[in-house]
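Undergrad: So I've got this file, run.csv, and it contains CSV, C-alpha atoms:
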```
chain,number,residue,atom,x,y,z
Q,1,MET,CA,-40.5,36.4,-43.7
Q,2,PRO,CA,-41.0,36.5,-39.9
Q,3,GLU,CA,-38.0,36.3,-37.6
Q,4,ASN,CA,-36.8,32.9,-36.5
Q,5,VAL,CA,-38.7,31.0,-39.3
Q,6,ILE,CA,-37.0,28.2,-41.1
Q,7,PRO,CA,-35.5,29.6,-44.3
Q,8,MET,CA,-37.6,28.3,-47.2
Q,9,SER,CA,-34.4,27.9,-49.2
Q,10,PHE,CA,-33.5,24.9,-47.1
Q,11,SER,CA,-37.0,23.4,-47.2
Q,12,GLU,CA,-37.3,24.1,-50.9
Q,13,ARG,CA,-33.9,22.6,-51.6
Q,14,LEU,CA,-35.0,19.4,-49.8
Q,15,SER,CA,-38.3,19.3,-51.7
Q,16,GLU,CA,-36.6,19.8,-55.1
Q,17,THR,CA,-34.0,17.1,-54.5
Q,18,SER,CA,-36.3,14.6,-52.8
Q,19,PHE,CA,-36.9,12.6,-56.0
Q,20,ARG,CA,-33.2,12.2,-56.6
Q,21,ARG,CA,-32.5,10.9,-53.1
Q,22,THR,CA,-35.5,8.6,-53.3
Q,23,LYS,CA,-34.4,7.2,-56.6
Q,24,ALA,CA,-30.8,6.7,-55.5
Q,25,LEU,CA,-31.8,4.9,-52.3
Q,26,LEU,CA,-34.4,2.7,-53.9
Q,27,LYS,CA,-31.8,1.7,-56.6
Q,28,GLY,CA,-29.2,1.0,-53.9
Q,29,GLY,CA,-31.5,-1.3,-52.0
Q,30,ALA,CA,-33.4,-2.8,-55.0
Q,31,ILE,CA,-32.2,-6.3,-54.3
Q,32,ILE,CA,-33.7,-6.2,-50.8
Q,33,HIS,CA,-36.8,-4.1,-51.8
Q,34,ASN,CA,-37.8,-6.5,-54.6
Q,35,SER,CA,-37.1,-9.8,-52.7
Q,36,MET,CA,-39.9,-11.9,-51.4
Q,37,LYS,CA,-40.7,-11.5,-47.7
Q,38,SER,CA,-41.6,-14.2,-45.2
Q,39,ASN,CA,-45.1,-12.8,-44.7
Q,40,ASP,CA,-46.0,-13.6,-48.4
Q,41,THR,CA,-48.3,-16.5,-49.2
Q,42,PHE,CA,-47.3,-20.0,-48.2
Q,43,LEU,CA,-46.9,-21.4,-51.7
Q,44,ASN,CA,-44.9,-18.4,-52.9
Q,45,THR,CA,-42.4,-18.9,-50.1
Q,46,VAL,CA,-42.2,-22.6,-50.8
Q,47,PHE,CA,-41.4,-22.2,-54.5
Q,48,VAL,CA,-39.2,-19.1,-54.4
Q,49,MET,CA,-35.6,-19.7,-55.3
Q,50,HIS,CA,-34.2,-16.2,-54.9
Q,51,GLY,CA,-33.2,-15.6,-51.3
Q,52,ARG,CA,-32.5,-19.1,-50.3
Q,53,ALA,CA,-28.7,-18.4,-49.9
Q,54,ILE,CA,-27.8,-21.5,-51.9
Q,55,ASP,CA,-24.4,-20.0,-52.7
Q,56,LYS,CA,-23.5,-20.3,-49.0
Q,57,PHE,CA,-23.6,-24.1,-49.1
Q,58,ILE,CA,-23.5,-25.1,-52.8
Q,59,VAL,CA,-19.9,-26.4,-52.5
Q,60,PRO,CA,-20.5,-28.9,-49.6
Q,61,LEU,CA,-23.8,-29.9,-51.2
Q,62,THR,CA,-22.0,-30.7,-54.5
Q,63,ILE,CA,-19.3,-32.7,-52.7
Q,64,VAL,CA,-21.8,-34.8,-50.7
Q,65,THR,CA,-24.0,-35.4,-53.8
Q,66,VAL,CA,-21.1,-36.4,-56.0
Q,67,ASN,CA,-19.9,-38.8,-53.3
Q,68,ALA,CA,-23.4,-40.3,-53.2
Q,69,VAL,CA,-23.6,-40.6,-57.0
Q,70,ILE,CA,-20.2,-42.3,-57.3
Q,71,TRP,CA,-20.9,-44.9,-54.5
Q,72,THR,CA,-24.4,-45.6,-55.7
Q,73,ILE,CA,-23.2,-46.3,-59.3
Q,74,LEU,CA,-20.4,-48.6,-58.0
Q,75,ILE,CA,-22.6,-50.7,-55.7
Q,76,ASN,CA,-25.3,-51.0,-58.4
Q,77,THR,CA,-22.9,-52.0,-61.2
Q,78,ARG,CA,-19.4,-53.1,-60.6
Q,79,PHE,CA,-19.7,-54.1,-56.9
Q,80,LYS,CA,-23.3,-55.3,-57.0
Q,81,ASN,CA,-24.1,-57.9,-54.4
Q,82,SER,CA,-20.4,-57.8,-53.2
Q,83,VAL,CA,-20.9,-55.1,-50.6
Q,84,ASP,CA,-23.2,-55.9,-47.7
Q,85,VAL,CA,-23.3,-53.5,-44.8
Q,86,ASP,CA,-25.4,-54.5,-41.8
Q,87,GLU,CA,-27.1,-51.2,-41.1
Q,88,GLU,CA,-29.0,-52.4,-37.9
Q,89,PRO,CA,-26.2,-51.8,-35.4
Q,90,TRP,CA,-25.2,-48.5,-37.0
Q,91,ALA,CA,-28.7,-47.1,-37.0
Q,92,SER,CA,-28.8,-46.6,-33.2
Q,93,VAL,CA,-25.5,-44.8,-33.3
Q,94,TYR,CA,-26.8,-42.5,-36.0
Q,95,ASN,CA,-30.0,-41.8,-34.1
Q,96,VAL,CA,-28.5,-41.3,-30.7
Q,97,VAL,CA,-25.2,-39.6,-31.5
Q,98,PHE,CA,-25.4,-37.8,-34.8
Q,99,THR,CA,-29.1,-36.9,-34.9
Q,100,THR,CA,-29.1,-35.6,-31.3
Q,101,ALA,CA,-25.9,-33.7,-31.7
Q,102,LEU,CA,-27.0,-32.1,-35.0
Q,103,ALA,CA,-30.3,-31.1,-33.5
Q,104,PHE,CA,-28.8,-29.3,-30.5
Q,105,LEU,CA,-26.1,-27.6,-32.6
Q,106,LEU,CA,-28.4,-26.5,-35.4
Q,107,VAL,CA,-31.0,-25.1,-32.9
Q,108,PHE,CA,-28.3,-23.2,-31.0
Q,109,ARG,CA,-26.8,-21.8,-34.2
Q,110,LEU,CA,-30.2,-20.7,-35.5
Q,111,ASN,CA,-31.2,-19.1,-32.2
Q,112,ARG,CA,-28.0,-17.2,-32.0
Q,113,VAL,CA,-28.3,-15.9,-35.5
Q,114,ALA,CA,-31.9,-14.9,-35.1
Q,115,ALA,CA,-31.0,-13.0,-32.0
Q,116,ARG,CA,-28.2,-11.2,-33.8
Q,117,TRP,CA,-30.5,-10.4,-36.8
Q,118,TRP,CA,-33.2,-9.0,-34.6
Q,119,SER,CA,-30.8,-7.0,-32.4
Q,120,THR,CA,-29.4,-5.2,-35.4
Q,121,ARG,CA,-32.9,-4.4,-36.6
Q,122,THR,CA,-33.7,-3.0,-33.2
Q,123,MET,CA,-30.6,-0.9,-33.2
Q,124,TRP,CA,-31.5,0.6,-36.6
Q,125,GLY,CA,-35.0,1.4,-35.2
Q,126,LEU,CA,-33.4,3.2,-32.3
Q,127,ILE,CA,-31.1,5.2,-34.7
Q,128,ILE,CA,-34.2,6.3,-36.6
Q,129,ALA,CA,-36.1,7.1,-33.4
Q,130,ASN,CA,-33.3,9.1,-31.8
Q,131,SER,CA,-32.7,11.0,-35.0
Q,132,ARG,CA,-36.4,12.0,-35.1
Q,133,THR,CA,-36.2,13.2,-31.5
Q,134,LEU,CA,-33.0,15.1,-32.1
Q,135,VAL,CA,-34.3,16.8,-35.3
Q,136,GLY,CA,-37.5,17.7,-33.6
Q,137,ALA,CA,-35.6,19.3,-30.6
Q,138,ILE,CA,-33.3,21.2,-32.9
Q,139,LEU,CA,-36.2,22.6,-34.9
Q,140,GLU,CA,-38.0,23.7,-31.8
Q,141,HIS,CA,-35.1,25.1,-29.8
Q,142,CYS,CA,-32.5,26.3,-32.3
Q,143,ALA,CA,-34.5,28.7,-34.3
Q,144,HIS,CA,-32.3,31.6,-33.1
Q,145,GLU,CA,-29.5,30.2,-35.3
Q,146,PRO,CA,-31.2,29.1,-38.5
Q,147,GLU,CA,-28.1,28.5,-40.6
Q,148,LEU,CA,-26.4,26.4,-38.0
Q,149,ARG,CA,-29.7,24.6,-37.2
Q,150,ASP,CA,-30.2,23.6,-40.9
Q,151,LEU,CA,-26.6,22.4,-41.1
Q,152,ALA,CA,-27.0,20.3,-37.9
Q,153,ILE,CA,-30.1,18.7,-39.4
Q,154,SER,CA,-28.2,18.0,-42.6
Q,155,TRP,CA,-25.5,16.1,-40.7
Q,156,ILE,CA,-28.1,14.0,-38.9
Q,157,ALA,CA,-29.5,12.9,-42.3
Q,158,ALA,CA,-25.9,12.2,-43.3
Q,159,TYR,CA,-25.3,10.1,-40.2
Q,160,SER,CA,-27.7,7.3,-41.3
Q,161,ILE,CA,-26.0,7.2,-44.7
Q,162,ALA,CA,-22.7,7.0,-43.0
Q,163,VAL,CA,-23.8,4.1,-40.8
Q,164,LYS,CA,-25.2,2.2,-43.8
Q,165,GLU,CA,-21.9,2.6,-45.8
Q,166,HIS,CA,-19.8,1.9,-42.7
Q,167,MET,CA,-21.6,-1.4,-42.1
Q,168,ARG,CA,-21.1,-2.4,-45.7
Q,169,ASN,CA,-17.4,-1.4,-45.6
Q,170,ASN,CA,-18.0,1.0,-48.4
Q,171,THR,CA,-17.1,4.3,-46.8
Q,172,ARG,CA,-14.9,5.5,-49.7
Q,173,ASN,CA,-17.7,5.3,-52.2
Q,174,PHE,CA,-20.5,7.6,-50.8
Q,175,GLU,CA,-23.3,8.1,-53.3
Q,176,PHE,CA,-23.8,11.8,-53.5
Q,177,GLU,CA,-27.3,11.4,-54.9
Q,178,GLU,CA,-28.4,9.7,-51.6
Q,179,ILE,CA,-27.7,12.8,-49.6
Q,180,VAL,CA,-28.1,15.5,-52.2
Q,181,GLY,CA,-29.8,18.6,-50.9
Q,182,TYR,CA,-28.5,18.0,-47.4
Q,183,LEU,CA,-24.7,18.1,-48.0
Q,184,SER,CA,-22.6,19.7,-50.7
Q,185,PRO,CA,-20.2,17.6,-52.8
Q,186,GLU,CA,-17.3,19.0,-50.8
Q,187,GLN,CA,-18.9,17.9,-47.5
Q,188,VAL,CA,-19.5,14.4,-48.9
Q,189,LYS,CA,-15.9,14.2,-49.9
Q,190,CYS,CA,-14.8,15.1,-46.4
Q,191,ILE,CA,-17.0,12.5,-44.7
Q,192,ALA,CA,-16.0,9.8,-47.3
Q,193,SER,CA,-12.3,10.5,-46.7
Q,194,SER,CA,-12.5,10.3,-42.9
Q,195,LYS,CA,-11.4,7.2,-41.1
Q,196,HIS,CA,-14.7,6.8,-39.4
Q,197,PRO,CA,-17.6,8.5,-41.2
Q,198,CYS,CA,-20.1,7.9,-38.4
Q,199,LEU,CA,-18.0,9.6,-35.8
Q,200,TYR,CA,-17.2,12.4,-38.3
Q,201,ALA,CA,-20.9,13.1,-38.8
Q,202,ALA,CA,-21.6,12.9,-35.0
Q,203,THR,CA,-18.7,15.3,-34.3
Q,204,GLU,CA,-20.1,17.8,-36.8
Q,205,ILE,CA,-23.5,17.6,-35.1
Q,206,ARG,CA,-22.0,18.1,-31.7
Q,207,HIS,CA,-19.8,21.0,-32.8
Q,208,LEU,CA,-22.8,22.7,-34.4
Q,209,LEU,CA,-25.0,22.3,-31.3
Q,210,LYS,CA,-22.2,23.7,-29.2
Q,211,ARG,CA,-22.1,26.8,-31.4
Q,212,ILE,CA,-25.9,27.1,-31.4
Q,213,PHE,CA,-26.0,27.0,-27.6
Q,214,ASP,CA,-22.8,28.9,-27.0
Q,215,VAL,CA,-22.8,30.8,-23.7
Q,216,SER,CA,-20.7,33.9,-23.2
Q,217,ALA,CA,-20.2,36.4,-20.4
Q,218,ASP,CA,-23.0,38.5,-22.0
Q,219,THR,CA,-25.6,35.7,-22.0
Q,220,PRO,CA,-28.3,36.2,-19.5
Q,221,ALA,CA,-28.2,33.7,-16.7
Q,222,ALA,CA,-31.7,32.3,-17.3
Q,223,LEU,CA,-30.9,31.9,-21.0
Q,224,GLY,CA,-27.6,30.2,-20.2
Q,225,ILE,CA,-29.3,27.7,-18.0
Q,226,ALA,CA,-31.9,27.0,-20.7
Q,227,TYR,CA,-29.1,26.5,-23.3
Q,228,ALA,CA,-27.2,24.1,-21.0
Q,229,SER,CA,-30.4,22.1,-20.3
Q,230,GLU,CA,-31.2,21.8,-24.0
Q,231,MET,CA,-27.6,20.9,-24.9
Q,232,ARG,CA,-27.7,18.1,-22.3
Q,233,LEU,CA,-30.9,16.6,-23.7
Q,234,MET,CA,-29.6,16.7,-27.2
Q,235,GLU,CA,-26.3,15.1,-26.2
Q,236,LYS,CA,-28.3,12.2,-24.8
Q,237,SER,CA,-29.9,11.6,-28.2
Q,238,LEU,CA,-26.5,12.0,-29.9
Q,239,ASP,CA,-24.9,9.6,-27.5
Q,240,ALA,CA,-27.7,7.1,-28.2
Q,241,LEU,CA,-27.0,7.3,-31.9
Q,242,ASN,CA,-23.3,6.4,-31.3
Q,243,ASP,CA,-24.3,3.6,-28.9
Q,244,MET,CA,-26.5,2.0,-31.5
Q,245,MET,CA,-23.8,2.4,-34.2
Q,246,GLY,CA,-21.3,0.7,-31.8
Q,247,GLY,CA,-23.8,-2.2,-31.3
Q,248,LEU,CA,-24.0,-2.7,-35.1
Q,249,GLU,CA,-20.2,-2.7,-35.2
Q,250,ARG,CA,-20.0,-5.4,-32.5
Q,251,VAL,CA,-22.3,-7.7,-34.5
Q,252,GLN,CA,-20.4,-7.0,-37.7
Q,253,VAL,CA,-16.9,-7.8,-36.4
Q,254,THR,CA,-17.8,-10.6,-33.9
Q,255,PRO,CA,-19.0,-13.8,-35.5
Q,256,LEU,CA,-19.9,-16.8,-33.5
Q,257,PRO,CA,-16.9,-18.6,-32.0
Q,258,ILE,CA,-15.2,-20.9,-34.5
Q,259,THR,CA,-15.5,-23.9,-32.2
Q,260,PHE,CA,-19.3,-24.0,-32.5
Q,261,VAL,CA,-19.4,-23.6,-36.3
Q,262,SER,CA,-16.4,-25.9,-36.9
Q,263,HIS,CA,-17.9,-28.6,-34.7
Q,264,LEU,CA,-21.3,-28.4,-36.3
Q,265,ARG,CA,-20.0,-28.4,-39.9
Q,266,THR,CA,-17.7,-31.4,-39.2
Q,267,ILE,CA,-20.5,-33.5,-37.9
Q,268,ILE,CA,-22.8,-32.5,-40.7
Q,269,MET,CA,-20.2,-33.4,-43.4
Q,270,PHE,CA,-19.3,-36.7,-41.7
Q,271,TYR,CA,-23.0,-37.6,-41.3
Q,272,LEU,CA,-23.9,-36.8,-44.9
Q,273,LEU,CA,-20.8,-38.4,-46.5
Q,274,SER,CA,-21.3,-41.6,-44.7
Q,275,LEU,CA,-25.0,-42.0,-45.6
Q,276,PRO,CA,-24.5,-43.7,-49.0
Q,277,TYR,CA,-22.1,-46.3,-47.5
Q,278,LEU,CA,-24.5,-47.2,-44.7
Q,279,TYR,CA,-27.8,-47.2,-46.5
Q,280,GLY,CA,-26.8,-47.6,-50.1
Q,281,ASN,CA,-27.7,-51.3,-50.3
Q,282,THR,CA,-31.1,-50.7,-48.8
Q,283,TRP,CA,-32.0,-47.5,-50.8
Q,284,GLY,CA,-30.5,-48.6,-54.1
Q,285,TRP,CA,-30.7,-45.9,-56.8
Q,286,GLY,CA,-32.9,-43.9,-54.3
Q,287,THR,CA,-29.7,-43.2,-52.4
Q,288,ILE,CA,-28.9,-40.2,-54.7
Q,289,PRO,CA,-32.1,-38.2,-54.2
Q,290,SER,CA,-32.3,-39.2,-50.5
Q,291,VAL,CA,-28.8,-37.9,-49.8
Q,292,LEU,CA,-29.4,-34.8,-51.9
Q,293,LEU,CA,-32.6,-33.9,-50.0
Q,294,THR,CA,-31.1,-34.7,-46.6
Q,295,SER,CA,-28.0,-32.6,-47.5
Q,296,TYR,CA,-30.1,-29.7,-48.7
Q,297,ALA,CA,-32.1,-29.8,-45.5
Q,298,LEU,CA,-29.1,-29.8,-43.1
Q,299,LEU,CA,-26.7,-27.7,-45.1
Q,300,GLY,CA,-29.5,-25.2,-45.9
Q,301,ILE,CA,-30.0,-24.6,-42.2
Q,302,ASP,CA,-26.3,-23.8,-41.7
Q,303,GLY,CA,-26.4,-21.7,-44.9
Q,304,ALA,CA,-29.4,-19.7,-43.7
Q,305,ALA,CA,-27.5,-19.1,-40.4
Q,306,SER,CA,-24.4,-18.0,-42.2
Q,307,GLU,CA,-26.5,-15.7,-44.5
Q,308,CYS,CA,-28.1,-13.8,-41.6
Q,309,GLU,CA,-25.2,-13.7,-39.1
Q,310,ALA,CA,-24.1,-10.2,-40.2
Q,311,PRO,CA,-27.0,-8.8,-42.2
Q,312,PHE,CA,-25.4,-5.7,-43.7
Q,313,GLU,CA,-24.8,-6.5,-47.3
Q,314,LYS,CA,-27.1,-6.1,-50.4
Q,315,ARG,CA,-28.6,-9.5,-50.1
Q,316,PRO,CA,-32.3,-10.5,-50.0
Q,317,ASN,CA,-32.2,-11.6,-46.4
Q,318,HIS,CA,-30.2,-8.6,-45.1
Q,319,LEU,CA,-31.4,-5.4,-43.5
Q,320,ASP,CA,-33.1,-2.9,-45.7
Q,321,MET,CA,-30.6,-0.1,-44.6
Q,322,ASP,CA,-31.3,1.9,-47.8
Q,323,GLY,CA,-35.0,1.9,-46.8
Q,324,PHE,CA,-34.2,2.9,-43.3
Q,325,CYS,CA,-32.2,5.9,-44.5
Q,326,LEU,CA,-35.0,6.8,-46.9
Q,327,THR,CA,-37.5,6.6,-44.0
Q,328,MET,CA,-35.4,8.9,-41.9
Q,329,GLN,CA,-35.0,11.5,-44.6
Q,330,ARG,CA,-38.7,11.5,-45.2
Q,331,ASN,CA,-39.3,11.9,-41.4
Q,332,ILE,CA,-36.9,14.8,-41.3
Q,333,GLU,CA,-38.6,16.5,-44.2
Q,334,GLN,CA,-42.0,16.1,-42.6
Q,335,LEU,CA,-40.7,17.5,-39.3
Q,336,ILE,CA,-39.3,20.5,-41.1
Q,337,SER,CA,-42.5,21.1,-43.0
Q,338,HIS,CA,-44.6,20.8,-39.9
Q,339,ASN,CA,-42.4,23.1,-37.9
Q,340,HIS,CA,-42.7,25.7,-40.6
Q,341,GLU,CA,-46.4,25.3,-40.6
Q,342,LEU,CA,-46.6,25.7,-36.8
Q,343,ARG,CA,-44.6,28.9,-36.9
Q,344,HIS,CA,-47.1,30.4,-39.3
Q,345,ARG,CA,-50.3,28.9,-37.8
Q,346,GLN,CA,-53.0,31.3,-36.6
Q,347,TYR,CA,-54.3,30.0,-33.3
Q,348,PRO,CA,-56.8,28.7,-32.5
Q,349,CYS,CA,-56.2,26.0,-35.1
```
How does this structure look as structure tokens?
TA:
Amino acid sequence: MPENVIPMSFSERLSETSFRRTKALLKGGAIIHNSMKSNDTFLNTVFVMHGRAIDKFIVPLTIVTVNAVIWTILINTRFKNSVDVDEEPWASVYNVVFTTALAFLLVFRLNRVAARWWSTRTMWGLIIANSRTLVGAILEHCAHEPELRDLAISWIAAYSIAVKEHMRNNTRNFEFEEIVGYLSPEQVKCIASSKHPCLYAATEIRHLLKRIFDVSADTPAALGIAYASEMRLMEKSLDALNDMMGGLERVQVTPLPITFVSHLRTIIMFYLLSLPYLYGNTWGWGTIPSVLLTSYALLGIDGAASECEAPFEKRPNHLDMDGFCLTMQRNIEQLISHNHELRHRQYPC
């Protein structure tokens, strides 16, 4: 084997364990992989039930519906013709005060959540992009230390897994199969037992790069300058990884201020609970389905916002972080394979 060529043992190990990693990551993200997406057909998205986050608002929906059922039964049986509410003066109050306030608050809540969801997706995209850049640079400029180079690449692959588990608050239960071929069981235990797995992986990468580009008194000046330049460039990519991870942490631990959410939910509940008493005489037995549908519409919006506010769990509407990790691993393996091909290529191609 020519000097400074990637040892095939590393490449072969990744190739042999690729199926295991793929299977583990697809299994871990199966709920998200198999859920319907918003770009599906119109009717499919209308009639789908899985993914509507009904569990987020089923309790208030039940309370409001039961309230409507009880009052409707009473005014249509025991209190029939004895309760007469003039809805005309109240209608303007509902339209001006409650409807307007609800519209503004719901739009604000949805806009904030949509911005948070998309920002987290952007951050994950940048983690993948910077990882590609860093792996490509390591492959091209660290061939003089093949063992350290391969280990640095392995820790970059582990970094995405660490971010995924860190965002899910599952750092103590790393799935070895998701990173098999890159790290040993002992290394997985070390990162899982650390207080902050993402920083642990980043520190390992930085330490390995420092050893690869170590400059001593015997290092030629030109080579030392080249090493320092490459180290600075790789540090930028590594810093970018940590910046994006920090951004994900900010979204995870910083929900919307309670004053917005509390105010919105108070108005929604007061509005929905009062509907049967105001319109019960006019709607009759239709009060129950009318209140149910209105409640589902308004509470569903708040439920959707609550569902997507911190999209890091294994839920249909959350980020496909397992898929992101799988994409990154496949990119790394492609870069390794291509680099090996380039070092054996006979020019002109």
Undergrad: Rounded to one decimal, what separation in Å do you get between atom CA of Leu233 of chain Q and atom CA of Ala158 of chain Q?
TA: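 Taking atom CA of Leu233 of chain Q as the start and atom CA of Ala158 of chain Q as the end point, the length is 20.7 Å.
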Undergrad: Skipping near chain neighbours, those fewer than 4 positions away, what residues fall within 7 Å of segment 207-215 of chain Q using all atoms listed in the file, listed as a list in words?
TA: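 Neighbouring residues, sequence-local ones excluded: Cys142, Glu145, Leu148, Ala152, Thr203, Thr219, Gly224, Tyr227 and Met231 of chain Q.
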Undergrad: To one decimal in Å, tell me the separation between atom CA of Phe42 of chain Q and atom CA of Ile268 of chain Q.
TA: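 So the answer is 28.5 Å.
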Undergrad: Write out as CSV a residue-level contact list of segment 88-130 of chain Q versus segment 303-317 of chain Q with cut-off 7 Å: for each qualifying residue the closest pair of atoms and the distance in Å to one decimal, counting all atoms listed in the file, rows sorted by chain and residue number upward.
TA:
```
residue,atom,partner,partner_atom,distance
Q:Arg109,CA,Q:Ala305,CA,6.8
Q:Leu110,CA,Q:Ala305,CA,5.8
Q:Val113,CA,Q:Glu309,CA,5.2
Q:Arg116,CA,Q:Glu309,CA,6.6
Q:Trp117,CA,Q:Cys308,CA,6.4
```
Undergrad: Kindly indicate which residue among Q:Leu278, Q:Ala222, Q:Ile161, Q:Ile205 lies nearest to Gly28 of chain Q, using only C-alpha atoms for the distances.
TA: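 Between Q:Leu278, Q:Ala222, Q:Ile161, Q:Ile205, the residue approaching Gly28 of chain Q most closely is Q:Ile161.
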Undergrad: How many Å lie between atom CA of Ala24 of chain Q and atom CA of Pro185 of chain Q, rounded to one decimal?
TA: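 The value is 15.4 Å.
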Undergrad: Would you kindly return, as a PDB file with C-alpha atoms, in the coordinates of the input, each protein, DNA or RNA residue with an atom no farther than 12 Å from any atom of Asn331 of chain Q, considering all atoms listed in the file and excluding same-chain residues fewer than 2 positions away?
TA:
```pdb
ATOM      1  CA  ILE Q 128     -34.200   6.300 -36.600  1.00  0.00           C
ATOM      2  CA  ALA Q 129     -36.100   7.100 -33.400  1.00  0.00           C
ATOM      3  CA  ASN Q 130     -33.300   9.100 -31.800  1.00  0.00           C
ATOM      4  CA  SER Q 131     -32.700  11.000 -35.000  1.00  0.00           C
ATOM      5  CA  ARG Q 132     -36.400  12.000 -35.100  1.00  0.00           C
ATOM      6  CA  THR Q 133     -36.200  13.200 -31.500  1.00  0.00           C
ATOM      7  CA  LEU Q 134     -33.000  15.100 -32.100  1.00  0.00           C
ATOM      8  CA  VAL Q 135     -34.300  16.800 -35.300  1.00  0.00           C
ATOM      9  CA  GLY Q 136     -37.500  17.700 -33.600  1.00  0.00           C
ATOM     10  CA  ILE Q 153     -30.100  18.700 -39.400  1.00  0.00           C
ATOM     11  CA  ILE Q 156     -28.100  14.000 -38.900  1.00  0.00           C
ATOM     12  CA  ALA Q 157     -29.500  12.900 -42.300  1.00  0.00           C
ATOM     13  CA  PHE Q 324     -34.200   2.900 -43.300  1.00  0.00           C
ATOM     14  CA  CYS Q 325     -32.200   5.900 -44.500  1.00  0.00           C
ATOM     15  CA  LEU Q 326     -35.000   6.800 -46.900  1.00  0.00           C
ATOM     16  CA  THR Q 327     -37.500   6.600 -44.000  1.00  0.00           C
ATOM     17  CA  MET Q 328     -35.400   8.900 -41.900  1.00  0.00           C
ATOM     18  CA  GLN Q 329     -35.000  11.500 -44.600  1.00  0.00           C
ATOM     19  CA  GLU Q 333     -38.600  16.500 -44.200  1.00  0.00           C
ATOM     20  CA  GLN Q 334     -42.000  16.100 -42.600  1.00  0.00           C
ATOM     21  CA  LEU Q 335     -40.700  17.500 -39.300  1.00  0.00           C
ATOM     22  CA  ILE Q 336     -39.300  20.500 -41.100  1.00  0.00           C
ATOM     23  CA  SER Q 337     -42.500  21.100 -43.000  1.00  0.00           C
ATOM     24  CA  HIS Q 338     -44.600  20.800 -39.900  1.00  0.00           C
TER      25      HIS Q 338
END
```
Undergrad: Between Q:Trp283, Q:Trp155, Q:Tyr200, Q:Tyr296, which is the closest to Ile332 of chain Q once you count all atoms listed in the file?
TA: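 With all atoms listed in the file as the atom set, the closest residue is Q:Trp155.
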Undergrad: Could you add N, CA, C and O atoms to segment 138-148 of chain Q and give me the result as a CSV table (one decimal), keeping the file's coordinate frame?
TA:
```csv
chain,number,residue,atom,x,y,z
Q,138,ILE,N,-34.1,20.1,-32.3
Q,138,ILE,CA,-33.3,21.2,-32.9
Q,138,ILE,C,-34.2,22.2,-33.6
Q,138,ILE,O,-34.0,23.4,-33.5
Q,139,LEU,N,-35.2,21.7,-34.3
Q,139,LEU,CA,-36.2,22.6,-34.9
Q,139,LEU,C,-36.9,23.5,-33.9
Q,139,LEU,O,-37.1,24.7,-34.2
Q,140,GLU,N,-37.2,23.0,-32.8
Q,140,GLU,CA,-38.0,23.7,-31.8
Q,140,GLU,C,-37.1,24.7,-31.0
Q,140,GLU,O,-37.6,25.8,-30.6
Q,141,HIS,N,-35.9,24.3,-30.7
Q,141,HIS,CA,-35.1,25.1,-29.8
Q,141,HIS,C,-33.9,25.8,-30.4
Q,141,HIS,O,-33.2,26.5,-29.6
Q,142,CYS,N,-33.7,25.6,-31.7
Q,142,CYS,CA,-32.5,26.3,-32.3
Q,142,CYS,C,-32.9,27.3,-33.3
Q,142,CYS,O,-32.1,27.6,-34.2
Q,143,ALA,N,-34.1,27.8,-33.3
Q,143,ALA,CA,-34.5,28.7,-34.3
Q,143,ALA,C,-33.8,30.0,-34.3
Q,143,ALA,O,-33.8,30.8,-35.3
Q,144,HIS,N,-33.0,30.3,-33.2
Q,144,HIS,CA,-32.3,31.6,-33.1
Q,144,HIS,C,-31.0,31.5,-34.0
Q,144,HIS,O,-30.4,32.6,-34.2
Q,145,GLU,N,-30.6,30.3,-34.4
Q,145,GLU,CA,-29.5,30.2,-35.3
Q,145,GLU,C,-29.9,29.3,-36.5
Q,145,GLU,O,-29.5,28.2,-36.6
Q,146,PRO,N,-30.7,29.9,-37.4
Q,146,PRO,CA,-31.2,29.1,-38.5
Q,146,PRO,C,-30.2,28.4,-39.4
Q,146,PRO,O,-30.4,27.3,-39.8
Q,147,GLU,N,-29.1,29.1,-39.7
Q,147,GLU,CA,-28.1,28.5,-40.6
Q,147,GLU,C,-27.4,27.3,-40.0
Q,147,GLU,O,-27.3,26.3,-40.6
Q,148,LEU,N,-27.0,27.5,-38.7
Q,148,LEU,CA,-26.4,26.4,-38.0
Q,148,LEU,C,-27.4,25.2,-37.7
Q,148,LEU,O,-27.0,24.1,-37.8
```
